[in-house]
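Participant: Input file: start.cif. Contents: mmCIF, C-alpha atoms and all ligand atoms.
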```cif
data_run
#
loop_
_atom_site.group_PDB
_atom_site.id
_atom_site.type_symbol
_atom_site.label_atom_id
_atom_site.label_comp_id
_atom_site.auth_asym_id
_atom_site.auth_seq_id
_atom_site.Cartn_x
_atom_site.Cartn_y
_atom_site.Cartn_z
ATOM 1 C CA MET C 2 108.841 90.030 129.438
ATOM 2 C CA ILE C 3 106.866 92.971 130.898
ATOM 3 C CA HIS C 4 104.442 92.735 127.934
ATOM 4 C CA ARG C 5 103.820 89.082 128.715
ATOM 5 C CA ILE C 6 103.054 89.869 132.375
ATOM 6 C CA ILE C 7 100.670 92.700 131.414
ATOM 7 C CA LYS C 8 98.948 90.413 128.903
ATOM 8 C CA LYS C 9 98.551 87.691 131.524
ATOM 9 C CA LEU C 10 97.179 90.178 134.080
ATOM 10 C CA LYS C 11 94.664 91.493 131.533
ATOM 11 C CA PHE C 12 93.618 87.928 130.773
ATOM 12 C CA ILE C 13 93.017 87.228 134.478
ATOM 13 C CA ARG C 14 91.118 90.525 134.854
ATOM 14 C CA ASP C 15 88.856 89.689 131.887
ATOM 15 C CA GLN C 16 88.152 86.178 133.151
ATOM 16 C CA LEU C 17 87.292 87.482 136.638
ATOM 17 C CA LEU C 18 85.039 90.257 135.313
ATOM 18 C CA GLU C 19 83.322 87.759 133.059
ATOM 19 C CA GLU C 20 82.819 85.262 135.885
ATOM 20 C CA TYR C 21 81.068 87.852 138.040
ATOM 21 C CA PHE C 22 79.300 90.015 135.486
ATOM 22 C CA ILE C 23 77.811 87.525 132.999
ATOM 23 C CA PRO C 24 75.800 85.406 135.464
ATOM 24 C CA ILE C 25 74.375 88.613 136.965
ATOM 25 C CA ASP C 26 73.515 89.971 133.534
ATOM 26 C CA LYS C 27 72.043 86.661 132.378
ATOM 27 C CA SER C 28 69.853 86.536 135.506
ATOM 28 C CA LYS C 29 68.196 89.733 134.197
ATOM 29 C CA ILE C 30 67.332 88.307 130.756
ATOM 30 C CA ARG C 31 63.547 88.366 130.551
ATOM 31 C CA ARG C 32 62.497 87.978 126.942
ATOM 32 C CA THR C 33 65.290 86.522 124.864
ATOM 33 C CA LYS C 34 65.895 83.195 126.539
ATOM 34 C CA ASN C 35 68.153 81.761 123.835
ATOM 35 C CA LEU C 36 70.787 84.323 124.877
ATOM 36 C CA LEU C 37 71.224 82.272 128.055
ATOM 37 C CA LEU C 38 73.149 79.905 125.769
ATOM 38 C CA VAL C 39 75.880 82.457 124.990
ATOM 39 C CA PRO C 40 79.068 80.767 126.229
ATOM 40 C CA SER C 41 81.736 82.222 128.465
ATOM 41 C CA LEU C 42 84.573 84.366 127.127
ATOM 42 C CA ARG C 43 87.016 81.494 126.619
ATOM 43 C CA TYR C 44 84.550 79.814 124.276
ATOM 44 C CA ARG C 45 83.442 82.881 122.312
ATOM 45 C CA ARG C 46 85.384 82.675 119.054
ATOM 46 C CA GLY C 47 84.950 83.374 115.376
ATOM 47 C CA GLY C 48 86.011 87.017 115.106
ATOM 48 C CA LYS C 49 83.398 88.203 117.614
ATOM 49 C CA ILE C 50 84.387 87.940 121.247
ATOM 50 C CA ALA C 51 82.401 90.435 123.338
ATOM 51 C CA TYR C 52 79.303 89.123 125.096
ATOM 52 C CA ILE C 53 77.220 92.067 123.848
ATOM 53 C CA GLU C 54 78.454 91.567 120.268
ATOM 54 C CA TRP C 55 77.404 87.919 120.314
ATOM 55 C CA GLY C 56 73.939 89.016 121.490
ATOM 56 C CA HIS C 57 73.764 91.665 118.767
ATOM 57 C CA VAL C 58 74.873 89.359 115.938
ATOM 58 C CA ILE C 59 72.599 86.544 117.150
ATOM 59 C CA GLY C 60 69.691 89.014 116.978
ATOM 60 C CA ILE C 61 70.488 90.060 113.401
ATOM 61 C CA PHE C 62 70.735 86.482 112.149
ATOM 62 C CA GLN C 63 67.775 85.210 114.166
ATOM 63 C CA THR C 64 65.700 87.861 112.359
ATOM 64 C CA ILE C 65 67.024 87.044 108.888
ATOM 65 C CA ILE C 66 66.761 83.276 109.415
ATOM 66 C CA GLY C 67 63.125 83.764 110.469
ATOM 67 C CA GLN C 68 62.465 85.835 107.339
ATOM 68 C CA VAL C 69 63.825 83.262 104.899
ATOM 69 C CA LEU C 70 62.467 80.025 106.374
ATOM 70 C CA ASN C 71 59.296 78.730 104.783
ATOM 71 C CA GLN C 72 58.218 77.246 108.142
ATOM 72 C CA LYS C 73 59.203 78.447 111.587
ATOM 73 C CA THR C 74 59.648 75.232 113.596
ATOM 74 C CA GLY C 75 61.011 71.741 112.997
ATOM 75 C CA GLN C 76 63.540 73.021 110.454
ATOM 76 C CA ARG C 77 66.817 71.368 109.455
ATOM 77 C CA ILE C 78 69.597 73.943 109.380
ATOM 78 C CA LEU C 79 73.183 73.292 108.314
ATOM 79 C CA ASP C 80 75.730 75.830 109.580
ATOM 80 C CA VAL C 81 79.001 75.637 107.662
ATOM 81 C CA GLY C 82 82.029 76.820 109.679
ATOM 82 C CA CYS C 83 79.988 76.945 112.870
ATOM 83 C CA GLY C 84 82.898 78.080 115.060
ATOM 84 C CA THR C 85 81.642 77.878 118.629
ATOM 85 C CA GLY C 86 77.976 77.917 117.743
ATOM 86 C CA LEU C 87 76.844 81.531 117.450
ATOM 87 C CA LEU C 88 74.332 80.734 114.695
ATOM 88 C CA GLY C 89 73.164 77.694 116.657
ATOM 89 C CA ILE C 90 71.863 80.141 119.256
ATOM 90 C CA ALA C 91 70.264 82.264 116.499
ATOM 91 C CA SER C 92 68.603 79.111 115.080
ATOM 92 C CA GLU C 93 67.375 77.738 118.398
ATOM 93 C CA SER C 94 63.646 78.422 118.131
ATOM 94 C CA TYR C 95 63.412 77.283 114.491
ATOM 95 C CA VAL C 96 64.839 73.804 115.083
ATOM 96 C CA SER C 97 62.604 72.969 118.040
ATOM 97 C CA GLU C 98 59.798 70.454 117.547
ATOM 98 C CA GLY C 99 61.696 67.838 115.593
ATOM 99 C CA GLY C 100 64.172 69.862 113.573
ATOM 100 C CA LYS C 101 67.941 69.966 113.849
ATOM 101 C CA TYR C 102 70.784 72.479 113.724
ATOM 102 C CA ILE C 103 73.952 70.789 112.478
ATOM 103 C CA GLY C 104 77.186 72.732 112.814
ATOM 104 C CA ILE C 105 80.269 71.620 110.890
ATOM 105 C CA ASP C 106 83.780 72.988 111.225
ATOM 106 C CA VAL C 107 87.339 72.096 110.236
ATOM 107 C CA ILE C 108 88.702 72.957 113.703
ATOM 108 C CA LYS C 109 88.126 69.951 115.920
ATOM 109 C CA GLU C 110 88.478 71.991 119.093
ATOM 110 C CA ASN C 111 85.504 74.143 118.049
ATOM 111 C CA ILE C 112 83.408 71.033 117.580
ATOM 112 C CA ASP C 113 84.494 69.606 120.941
ATOM 113 C CA ILE C 114 83.584 72.899 122.645
ATOM 114 C CA CYS C 115 80.170 72.944 120.953
ATOM 115 C CA LYS C 116 79.447 69.350 121.972
ATOM 116 C CA LYS C 117 80.316 70.246 125.555
ATOM 117 C CA ILE C 118 78.377 73.501 125.874
ATOM 118 C CA TYR C 119 75.244 72.905 123.769
ATOM 119 C CA GLN C 120 73.605 69.751 124.985
ATOM 120 C CA SER C 121 70.269 69.492 123.267
ATOM 121 C CA PRO C 122 68.682 66.831 121.059
ATOM 122 C CA TYR C 123 68.158 69.611 118.512
ATOM 123 C CA TYR C 124 71.882 70.268 118.096
ATOM 124 C CA GLU C 125 74.571 68.180 116.433
ATOM 125 C CA PHE C 126 78.197 69.101 115.704
ATOM 126 C CA ILE C 127 80.461 67.351 113.228
ATOM 127 C CA HIS C 128 84.160 67.800 112.542
ATOM 128 C CA VAL C 129 84.934 67.850 108.814
ATOM 129 C CA GLU C 130 88.513 67.712 107.656
ATOM 130 C CA ALA C 131 89.739 70.149 105.006
ATOM 131 C CA HIS C 132 92.732 72.338 104.355
ATOM 132 C CA ASN C 133 92.389 76.060 104.906
ATOM 133 C CA GLU C 134 95.596 78.079 104.929
ATOM 134 C CA MET C 135 94.380 80.205 107.827
ATOM 135 C CA TYR C 136 92.500 77.711 110.004
ATOM 136 C CA THR C 137 94.023 74.318 109.213
ATOM 137 C CA PRO C 138 97.387 74.997 107.546
ATOM 138 C CA ASN C 139 98.672 71.560 108.600
ATOM 139 C CA SER C 140 95.859 69.602 107.017
ATOM 140 C CA TYR C 141 96.429 68.140 103.567
ATOM 141 C CA GLN C 142 92.816 67.065 103.132
ATOM 142 C CA LYS C 143 91.388 68.306 99.835
ATOM 143 C CA GLN C 144 87.791 69.468 99.551
ATOM 144 C CA LYS C 145 85.465 66.616 100.387
ATOM 145 C CA SER C 146 81.699 66.227 100.051
ATOM 146 C CA TRP C 147 79.778 66.824 103.280
ATOM 147 C CA PRO C 148 78.354 63.707 104.946
ATOM 148 C CA PHE C 149 74.724 64.655 104.234
ATOM 149 C CA ALA C 150 72.137 63.406 101.783
ATOM 150 C CA ASP C 151 71.031 65.476 98.781
ATOM 151 C CA GLU C 152 68.137 67.872 99.483
ATOM 152 C CA SER C 153 68.172 67.250 103.237
ATOM 153 C CA PHE C 154 68.222 70.834 104.643
ATOM 154 C CA ASP C 155 65.705 73.687 104.823
ATOM 155 C CA LEU C 156 68.466 76.264 105.227
ATOM 156 C CA VAL C 157 72.250 76.503 104.967
ATOM 157 C CA THR C 158 74.063 79.275 106.816
ATOM 158 C CA ALA C 159 77.705 80.353 106.723
ATOM 159 C CA LEU C 160 78.799 83.364 108.719
ATOM 160 C CA SER C 161 82.288 84.620 107.885
ATOM 161 C CA VAL C 162 83.351 81.466 106.039
ATOM 162 C CA TRP C 163 83.266 82.263 102.285
ATOM 163 C CA THR C 164 85.329 85.322 103.329
ATOM 164 C CA HIS C 165 88.150 82.814 103.929
ATOM 165 C CA PHE C 166 87.740 80.885 100.670
ATOM 166 C CA GLY C 167 89.665 81.264 97.412
ATOM 167 C CA SER C 168 87.962 80.481 94.116
ATOM 168 C CA GLN C 169 88.358 76.683 94.339
ATOM 169 C CA ASP C 170 86.904 76.340 97.846
ATOM 170 C CA ALA C 171 84.210 78.895 97.053
ATOM 171 C CA GLN C 172 83.165 76.924 93.981
ATOM 172 C CA PHE C 173 83.359 73.455 95.517
ATOM 173 C CA TYR C 174 81.426 74.341 98.679
ATOM 174 C CA ILE C 175 78.746 76.414 96.937
ATOM 175 C CA LYS C 176 77.982 73.276 94.896
ATOM 176 C CA GLU C 177 77.697 71.386 98.175
ATOM 177 C CA VAL C 178 75.251 74.017 99.467
ATOM 178 C CA ASP C 179 73.211 73.514 96.297
ATOM 179 C CA ARG C 180 73.321 69.735 96.658
ATOM 180 C CA VAL C 181 72.145 69.532 100.294
ATOM 181 C CA LEU C 182 69.410 72.187 100.087
ATOM 182 C CA LYS C 183 65.801 71.199 99.484
ATOM 183 C CA PRO C 184 64.224 72.809 96.393
ATOM 184 C CA LYS C 185 62.970 76.381 97.015
ATOM 185 C CA SER C 186 65.050 76.611 100.201
ATOM 186 C CA LYS C 187 67.576 79.295 100.984
ATOM 187 C CA ALA C 188 71.163 79.839 102.005
ATOM 188 C CA ILE C 189 72.416 82.778 104.060
ATOM 189 C CA ILE C 190 76.101 83.363 103.336
ATOM 190 C CA THR C 191 78.257 86.343 104.226
ATOM 191 C CA PHE C 192 80.861 87.778 101.877
ATOM 192 C CA PHE C 193 83.124 90.706 101.382
ATOM 193 C CA TYR C 194 81.215 91.465 98.203
ATOM 194 C CA LEU C 195 83.122 93.770 95.875
ATOM 195 C CA ASN C 196 80.082 95.161 94.070
ATOM 196 C CA GLU C 197 79.320 98.724 92.916
ATOM 197 C CA ASN C 198 78.601 99.715 96.534
ATOM 198 C CA TYR C 199 82.228 98.794 97.307
ATOM 199 C CA THR C 200 83.662 100.538 94.232
ATOM 200 C CA GLN C 201 81.735 103.720 95.041
ATOM 201 C CA SER C 202 83.025 103.665 98.616
ATOM 202 C CA LEU C 203 86.666 103.314 97.566
ATOM 203 C CA ALA C 204 87.398 106.900 96.542
ATOM 204 C CA ASP C 205 86.438 108.533 99.834
ATOM 205 C CA ARG C 206 87.835 105.664 101.928
ATOM 206 C CA ASN C 207 91.212 105.932 100.176
ATOM 207 C CA GLN C 208 91.142 109.680 100.782
ATOM 208 C CA GLU C 209 90.437 109.101 104.460
ATOM 209 C CA LEU C 210 93.458 106.836 104.660
ATOM 210 C CA GLY C 211 95.707 109.677 103.494
ATOM 211 C CA LYS C 212 93.957 112.389 105.543
ATOM 212 C CA PHE C 213 93.631 110.875 108.990
ATOM 213 C CA ASN C 214 96.500 108.428 108.902
ATOM 214 C CA ARG C 215 94.141 105.538 109.506
ATOM 215 C CA SER C 216 95.527 102.060 109.359
ATOM 216 C CA PRO C 217 94.808 100.228 106.075
ATOM 217 C CA LYS C 218 93.672 97.343 108.282
ATOM 218 C CA ASP C 219 90.696 99.430 109.451
ATOM 219 C CA LEU C 220 89.616 100.260 105.942
ATOM 220 C CA TRP C 221 89.215 96.877 104.262
ATOM 221 C CA ILE C 222 90.548 97.684 100.832
ATOM 222 C CA PHE C 223 90.891 94.561 98.694
ATOM 223 C CA ASP C 224 93.804 95.526 96.499
ATOM 224 C CA LYS C 225 95.820 92.315 95.989
ATOM 225 C CA LYS C 226 94.903 89.507 93.615
ATOM 226 C CA PHE C 227 94.469 86.072 95.132
ATOM 227 C CA GLU C 228 95.852 83.263 92.970
ATOM 228 C CA ASP C 229 96.193 85.731 90.118
ATOM 229 C CA SER C 230 92.441 86.101 89.825
ATOM 230 C CA ASP C 231 90.704 89.416 89.083
ATOM 231 C CA ASP C 232 87.667 88.230 91.030
ATOM 232 C CA TRP C 233 89.068 86.974 94.354
ATOM 233 C CA LEU C 234 91.083 89.658 96.148
ATOM 234 C CA THR C 235 92.649 90.189 99.559
ATOM 235 C CA PRO C 236 93.900 93.317 101.365
ATOM 236 C CA LYS C 237 97.667 93.885 101.146
ATOM 237 C CA TRP C 238 98.042 93.546 104.931
ATOM 238 C CA THR C 239 96.998 89.891 105.187
ATOM 239 C CA ASN C 240 99.690 87.381 106.233
ATOM 240 C CA VAL C 241 97.875 84.668 104.311
ATOM 241 C CA PRO C 242 95.120 85.637 101.845
ATOM 242 C CA GLU C 243 92.645 83.359 103.627
ATOM 243 C CA GLU C 244 92.572 85.900 106.487
ATOM 244 C CA ALA C 245 90.171 87.993 104.374
ATOM 245 C CA ILE C 246 89.035 87.342 100.815
ATOM 246 C CA GLY C 247 86.653 89.506 98.820
ATOM 247 C CA ILE C 248 84.756 88.380 95.730
ATOM 248 C CA THR C 249 83.612 90.497 92.789
ATOM 249 C CA LYS C 250 80.140 90.317 91.247
ATOM 250 C CA LYS C 251 81.664 88.455 88.302
ATOM 251 C CA GLY C 252 83.259 85.947 90.695
ATOM 252 C CA LEU C 253 80.010 85.326 92.543
ATOM 253 C CA ASP C 254 78.057 85.045 89.273
ATOM 254 C CA SER C 255 80.607 82.524 88.001
ATOM 255 C CA ILE C 256 80.290 80.178 90.996
ATOM 256 C CA LEU C 257 76.494 80.446 91.061
ATOM 257 C CA ALA C 258 76.336 79.681 87.333
ATOM 258 C CA GLN C 259 77.344 76.096 88.105
ATOM 259 C CA THR C 260 74.483 75.606 90.570
ATOM 260 C CA SER C 261 70.737 76.002 90.695
ATOM 261 C CA LEU C 262 71.130 78.813 93.226
ATOM 262 C CA SER C 263 70.297 82.396 92.435
ATOM 263 C CA LEU C 264 70.874 85.582 94.361
ATOM 264 C CA SER C 265 67.663 86.886 95.922
ATOM 265 C CA THR C 266 68.695 89.549 98.475
ATOM 266 C CA ILE C 267 71.799 91.478 99.489
ATOM 267 C CA TYR C 268 72.173 93.239 102.816
ATOM 268 C CA ASN C 269 75.196 95.451 102.177
ATOM 269 C CA GLY C 270 77.733 95.286 104.991
ATOM 270 C CA SER C 271 79.039 98.172 107.087
ATOM 271 C CA TRP C 272 82.673 97.164 106.409
ATOM 272 C CA LYS C 273 82.429 99.466 103.360
ATOM 273 C CA GLU C 274 81.723 102.302 105.799
ATOM 274 C CA ARG C 275 78.214 102.626 104.480
ATOM 275 C CA PRO C 276 75.133 101.909 106.621
ATOM 276 C CA GLY C 277 74.568 98.159 106.815
ATOM 277 C CA ALA C 278 72.678 95.512 108.764
ATOM 278 C CA TYR C 279 75.846 93.645 109.697
ATOM 279 C CA PHE C 280 79.595 94.066 109.244
ATOM 280 C CA GLN C 281 79.960 91.711 106.253
ATOM 281 C CA ASP C 282 77.593 91.569 103.286
ATOM 282 C CA ILE C 283 74.798 89.079 103.879
ATOM 283 C CA ILE C 284 73.680 87.359 100.688
ATOM 284 C CA ILE C 285 70.550 85.259 100.444
ATOM 285 C CA LEU C 286 70.551 82.561 97.778
ATOM 286 C CA THR C 287 67.475 80.634 96.681
ATOM 287 C CA LYS C 288 67.525 77.144 95.220
ATOM 288 C CA ASN C 289 65.271 76.757 92.184
ATOM 289 C CA GLY C 290 62.223 74.631 92.837
HETATM 290 C C1 LIG H 1 85.582 83.537 111.185
HETATM 291 S S1 LIG H 1 85.172 81.950 111.765
HETATM 292 C C2 LIG H 1 83.415 82.099 111.918
HETATM 293 C C3 LIG H 1 82.817 81.139 112.906
HETATM 294 C C4 LIG H 1 81.312 81.280 113.114
HETATM 295 N N1 LIG H 1 80.585 81.112 111.874
HETATM 296 C C5 LIG H 1 80.994 82.600 113.749
HETATM 297 O O1 LIG H 1 80.649 83.545 113.023
HETATM 298 O O2 LIG H 1 81.125 82.715 114.973
HETATM 299 C C6 LIG H 1 85.346 80.897 110.345
HETATM 300 C C7 LIG H 1 85.150 79.432 110.655
HETATM 301 O O3 LIG H 1 85.098 78.681 109.447
HETATM 302 C C8 LIG H 1 85.768 77.455 109.668
HETATM 303 N N2 LIG H 1 86.156 76.894 108.357
HETATM 304 C C9 LIG H 1 87.135 77.300 107.521
HETATM 305 N N3 LIG H 1 87.159 76.549 106.414
HETATM 306 C C10 LIG H 1 86.159 75.639 106.532
HETATM 307 C C11 LIG H 1 85.659 74.584 105.706
HETATM 308 N N4 LIG H 1 86.200 74.296 104.518
HETATM 309 N N5 LIG H 1 84.611 73.864 106.152
HETATM 310 C C12 LIG H 1 84.042 74.131 107.360
HETATM 311 N N6 LIG H 1 84.490 75.112 108.194
HETATM 312 C C13 LIG H 1 85.515 75.867 107.779
HETATM 313 C C14 LIG H 1 86.925 77.822 110.574
HETATM 314 O O4 LIG H 1 87.458 76.740 111.252
HETATM 315 C C15 LIG H 1 86.260 78.840 111.510
HETATM 316 O O5 LIG H 1 85.714 78.237 112.647
#
```
For this file, produce the structure as structure tokens.
Ligand SMILES: C[S@@+](CC[C@H](N)C(=O)[O-])C[C@H]1O[C@@H](n2cnc3c(N)ncnc32)[C@H](O)[C@@H]1O
Facilitator:
Amino acid sequence: MIHRIIKKLKFIRDQLLEEYFIPIDKSKIRRTKNLLLVPSLRYRRGGKIAYIEWGHVIGIFQTIIGQVLNQKTGQRILDVGCGTGLLGIASESYVSEGGKYIGIDVIKENIDICKKIYQSPYYEFIHVEAHNEMYTPNSYQKQKSWPFADESFDLVTALSVWTHFGSQDAQFYIKEVDRVLKPKSKAIITFFYLNENYTQSLADRNQELGKFNRSPKDLWIFDKKFEDSDDWLTPKWTNVPEEAIGITKKGLDSILAQTSLSLSTIYNGSWKERPGAYFQDIIILTKNG
């Protein structure tokens, strides 16, 4: 009972602080106008909640999106698992002048929030139905093709989405990415990529666990097979594997082998407790021309 009251009081405190602080802070934004679009606390979802963290992550992806696009305005960008639109804010300048950012998500509430808070002719949000044991456990909808024409996007993004996919989803949706991308275009997808960088980090991270009594949850060790596969793994602490799924190099190679996508760049993530641009591994894929 007392815990519930404390939780409620903290919630009210956070909402009040947010209501006063954010408009003041936003009134001081001078050079990064798209950050004015960052929504209020109750709409910031997708694993990143803090206002400053949204700004930080938007900055990282705005930079990488700019690097991989062949042209800088009028672009068509598909964001898979858009949540409440973080990458829409990162994409804002690139879709101006006739382009479009389309966000799709399996959670209808996310799409409704996006439609309400981002009202621009350059944005569109579409609810797609599909089962995901973490996000839509009550849906029985099997994987379904996205409602977009072949070769109709200049870029596909997915931030923290393939990290919730087992092998079947990972394979099905990577083929969809391949299908909707224009030739020579790119996809930016984040993973928990279990490559040599991960393997090398394991020894000292395991040691740290024993030494400092750190929680296994902080250390991101993917030590349980998902669906009996050696290439899709989850940490032992997950309630359902879809909370966090890592993929080996062999796993990634195997899903790419069925597409015309190839790996062009990896930004190793800091989740392995090694220096990294972002928390998860950012992988850039290029569609053959
Ligand atoms: C960790 S959240 C990330 C949200 C957003 N990309 C961000 O970083 O703020 C993962 C999102 O993927 C969505 N999702 C899960 N499976 C999906 C699928 N098969 N198709 C589209 N979206 C999916 C979830 O509903 C959720 O909003």
Participant: Please identify all protein, DNA and RNA residues within 8 Å of ligand LIG 1 (chain H), counting all atoms listed in the file, and report them as a PyMOL selection string.
Facilitator: chain C and resi 45-49+80-88+105-108+111+129-133+135-137+144+159-162+165-166+170+174
Participant: Taking all atoms listed in the file into account, name the residue in C:Gly290, C:Pro236, C:Gly167, C:Pro276 that is nearest to Leu220 of chain C.
Facilitator: C:Pro236
Participant: Hey, which of C:Ser230, C:Thr287, C:Ser271, C:Gln281 ends up closest to Asp155 of chain C? Count all atoms listed in the file.
Facilitator: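 Nearest candidate to Asp155 of chain C out of C:Ser230, C:Thr287, C:Ser271, C:Gln281: C:Thr287.
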Participant: Residues around (71.6, 77.3, 98.2), cut-off 10 Å, counting all atoms listed in the file - what are they as an mmCIF file with C-alpha atoms, keeping the file's coordinate frame?
Facilitator:
```
data_model
loop_
_atom_site.group_PDB
_atom_site.id
_atom_site.type_symbol
_atom_site.label_atom_id
_atom_site.label_comp_id
_atom_site.auth_asym_id
_atom_site.auth_seq_id
_atom_site.Cartn_x
_atom_site.Cartn_y
_atom_site.Cartn_z
ATOM 1 C CA PHE C 154 68.222 70.834 104.643
ATOM 2 C CA ASP C 155 65.705 73.687 104.823
ATOM 3 C CA LEU C 156 68.466 76.264 105.227
ATOM 4 C CA VAL C 157 72.250 76.503 104.967
ATOM 5 C CA THR C 158 74.063 79.275 106.816
ATOM 6 C CA ILE C 175 78.746 76.414 96.937
ATOM 7 C CA LYS C 176 77.982 73.276 94.896
ATOM 8 C CA GLU C 177 77.697 71.386 98.175
ATOM 9 C CA VAL C 178 75.251 74.017 99.467
ATOM 10 C CA ASP C 179 73.211 73.514 96.297
ATOM 11 C CA ARG C 180 73.321 69.735 96.658
ATOM 12 C CA VAL C 181 72.145 69.532 100.294
ATOM 13 C CA LEU C 182 69.410 72.187 100.087
ATOM 14 C CA LYS C 183 65.801 71.199 99.484
ATOM 15 C CA PRO C 184 64.224 72.809 96.393
ATOM 16 C CA LYS C 185 62.970 76.381 97.015
ATOM 17 C CA SER C 186 65.050 76.611 100.201
ATOM 18 C CA LYS C 187 67.576 79.295 100.984
ATOM 19 C CA ALA C 188 71.163 79.839 102.005
ATOM 20 C CA ILE C 189 72.416 82.778 104.060
ATOM 21 C CA ILE C 190 76.101 83.363 103.336
ATOM 22 C CA LEU C 257 76.494 80.446 91.061
ATOM 23 C CA THR C 260 74.483 75.606 90.570
ATOM 24 C CA SER C 261 70.737 76.002 90.695
ATOM 25 C CA LEU C 262 71.130 78.813 93.226
ATOM 26 C CA SER C 263 70.297 82.396 92.435
ATOM 27 C CA LEU C 264 70.874 85.582 94.361
ATOM 28 C CA ILE C 285 70.550 85.259 100.444
ATOM 29 C CA LEU C 286 70.551 82.561 97.778
ATOM 30 C CA THR C 287 67.475 80.634 96.681
ATOM 31 C CA LYS C 288 67.525 77.144 95.220
ATOM 32 C CA ASN C 289 65.271 76.757 92.184
#
```
Participant: Here is a test: counting all atoms listed in the file, which residue of C:Thr266, C:Thr74, C:Ser28, C:Thr249 is nearest to Leu234 of chain C?
Facilitator: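 Closest residue, counting all atoms listed in the file: C:Thr249.
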Participant: Excluding same-chain residues fewer than 5 positions from Asp219 of chain C, what lies within 12 Å of it counting all atoms listed in the file, as a ChimeraX atom specification?
Facilitator: /C:206-207,209-210,213-214,236,238,271-274
Participant: What would the selection look like, as number ranges by chain, if the PyMOL selection byres (((chain C and resi 8-20) around 12) and not hetatm) were run on the coordinates I just shared?
Facilitator: C: 2-7, 21-27, 40-45, 50-53
Participant: Give as a list in words the set of residues within 6 Å of the point (73.4, 90.8, 104.5), where distances use the file's coordinates and all atoms listed in the file.
Facilitator: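 The residues near that point, listed by chain and number, are Ile267, Tyr268, Asn269, Asp282, Ile283 and Ile284 of chain C.
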Participant: Lys225 of chain C: which residues within 9 Å, counting all atoms listed in the file, same-chain residues fewer than 2 positions away excluded, as a compact mmCIF listing (two decimals) with C-alpha atoms, in the frame of the given file?
Facilitator:
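Contents of result.txt, freshly written:
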```txt
# COMPACT_ATOMS: atom_id res chain seq x y z
CA ILE C 222 90.55 97.68 100.83
CA PHE C 223 90.89 94.56 98.69
CA PHE C 227 94.47 86.07 95.13
CA ASP C 229 96.19 85.73 90.12
CA TRP C 233 89.07 86.97 94.35
CA LEU C 234 91.08 89.66 96.15
CA THR C 235 92.65 90.19 99.56
CA PRO C 236 93.90 93.32 101.36
CA LYS C 237 97.67 93.88 101.15
CA PRO C 242 95.12 85.64 101.84
```
Participant: What is the distance, in Å and to one decimal place, between atom CA of Thr239 of chain C and atom CA of Gln142 of chain C?
Facilitator: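 A separation of 23.3 Å between them.
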Participant: Please measure the separation of atom CA of Tyr95 of chain C and atom CA of Lys73 of chain C, giving the value in Å to one decimal.
Facilitator: 5.2 Å
Participant: Please provide the set of residues having any atom within 10 Å of Lys34 of chain C, restricted to all atoms listed in the file, with same-chain residues fewer than 4 positions apart removed, written as JSON, numbers by chain.
Facilitator: {"C": [27, 30, 38, 90, 93, 94]}
Participant: Assuming the chain letters and numbering stay as they are in my file, what does the PyMOL selection byres (((chain C and resi 256) around 9) and not hetatm) actually select? List them as a list in words.
Facilitator: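 Matching residues under the PyMOL selection byres (((chain C and resi 256) around 9) and not hetatm) are Ser168, Ala171, Gln172, Phe173, Ile175, Lys176, Lys251, Gly252, Leu253, Asp254, Ser255, Leu257, Ala258, Gln259 and Thr260 of chain C.
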Participant: One decimal, in Å: what's the spacing between atom CA of Ala91 of chain C and atom CA of Gln63 of chain C?
Facilitator: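 Distance reported for this atom pair: 4.5 Å.
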Participant: Report the residues retrieved by the PyMOL selection byres (((chain C and resi 97) around 10) and not hetatm) from the displayed file, expressed as a ChimeraX atom specification.
Facilitator: /C:73-77,92-96,98-102,121-124
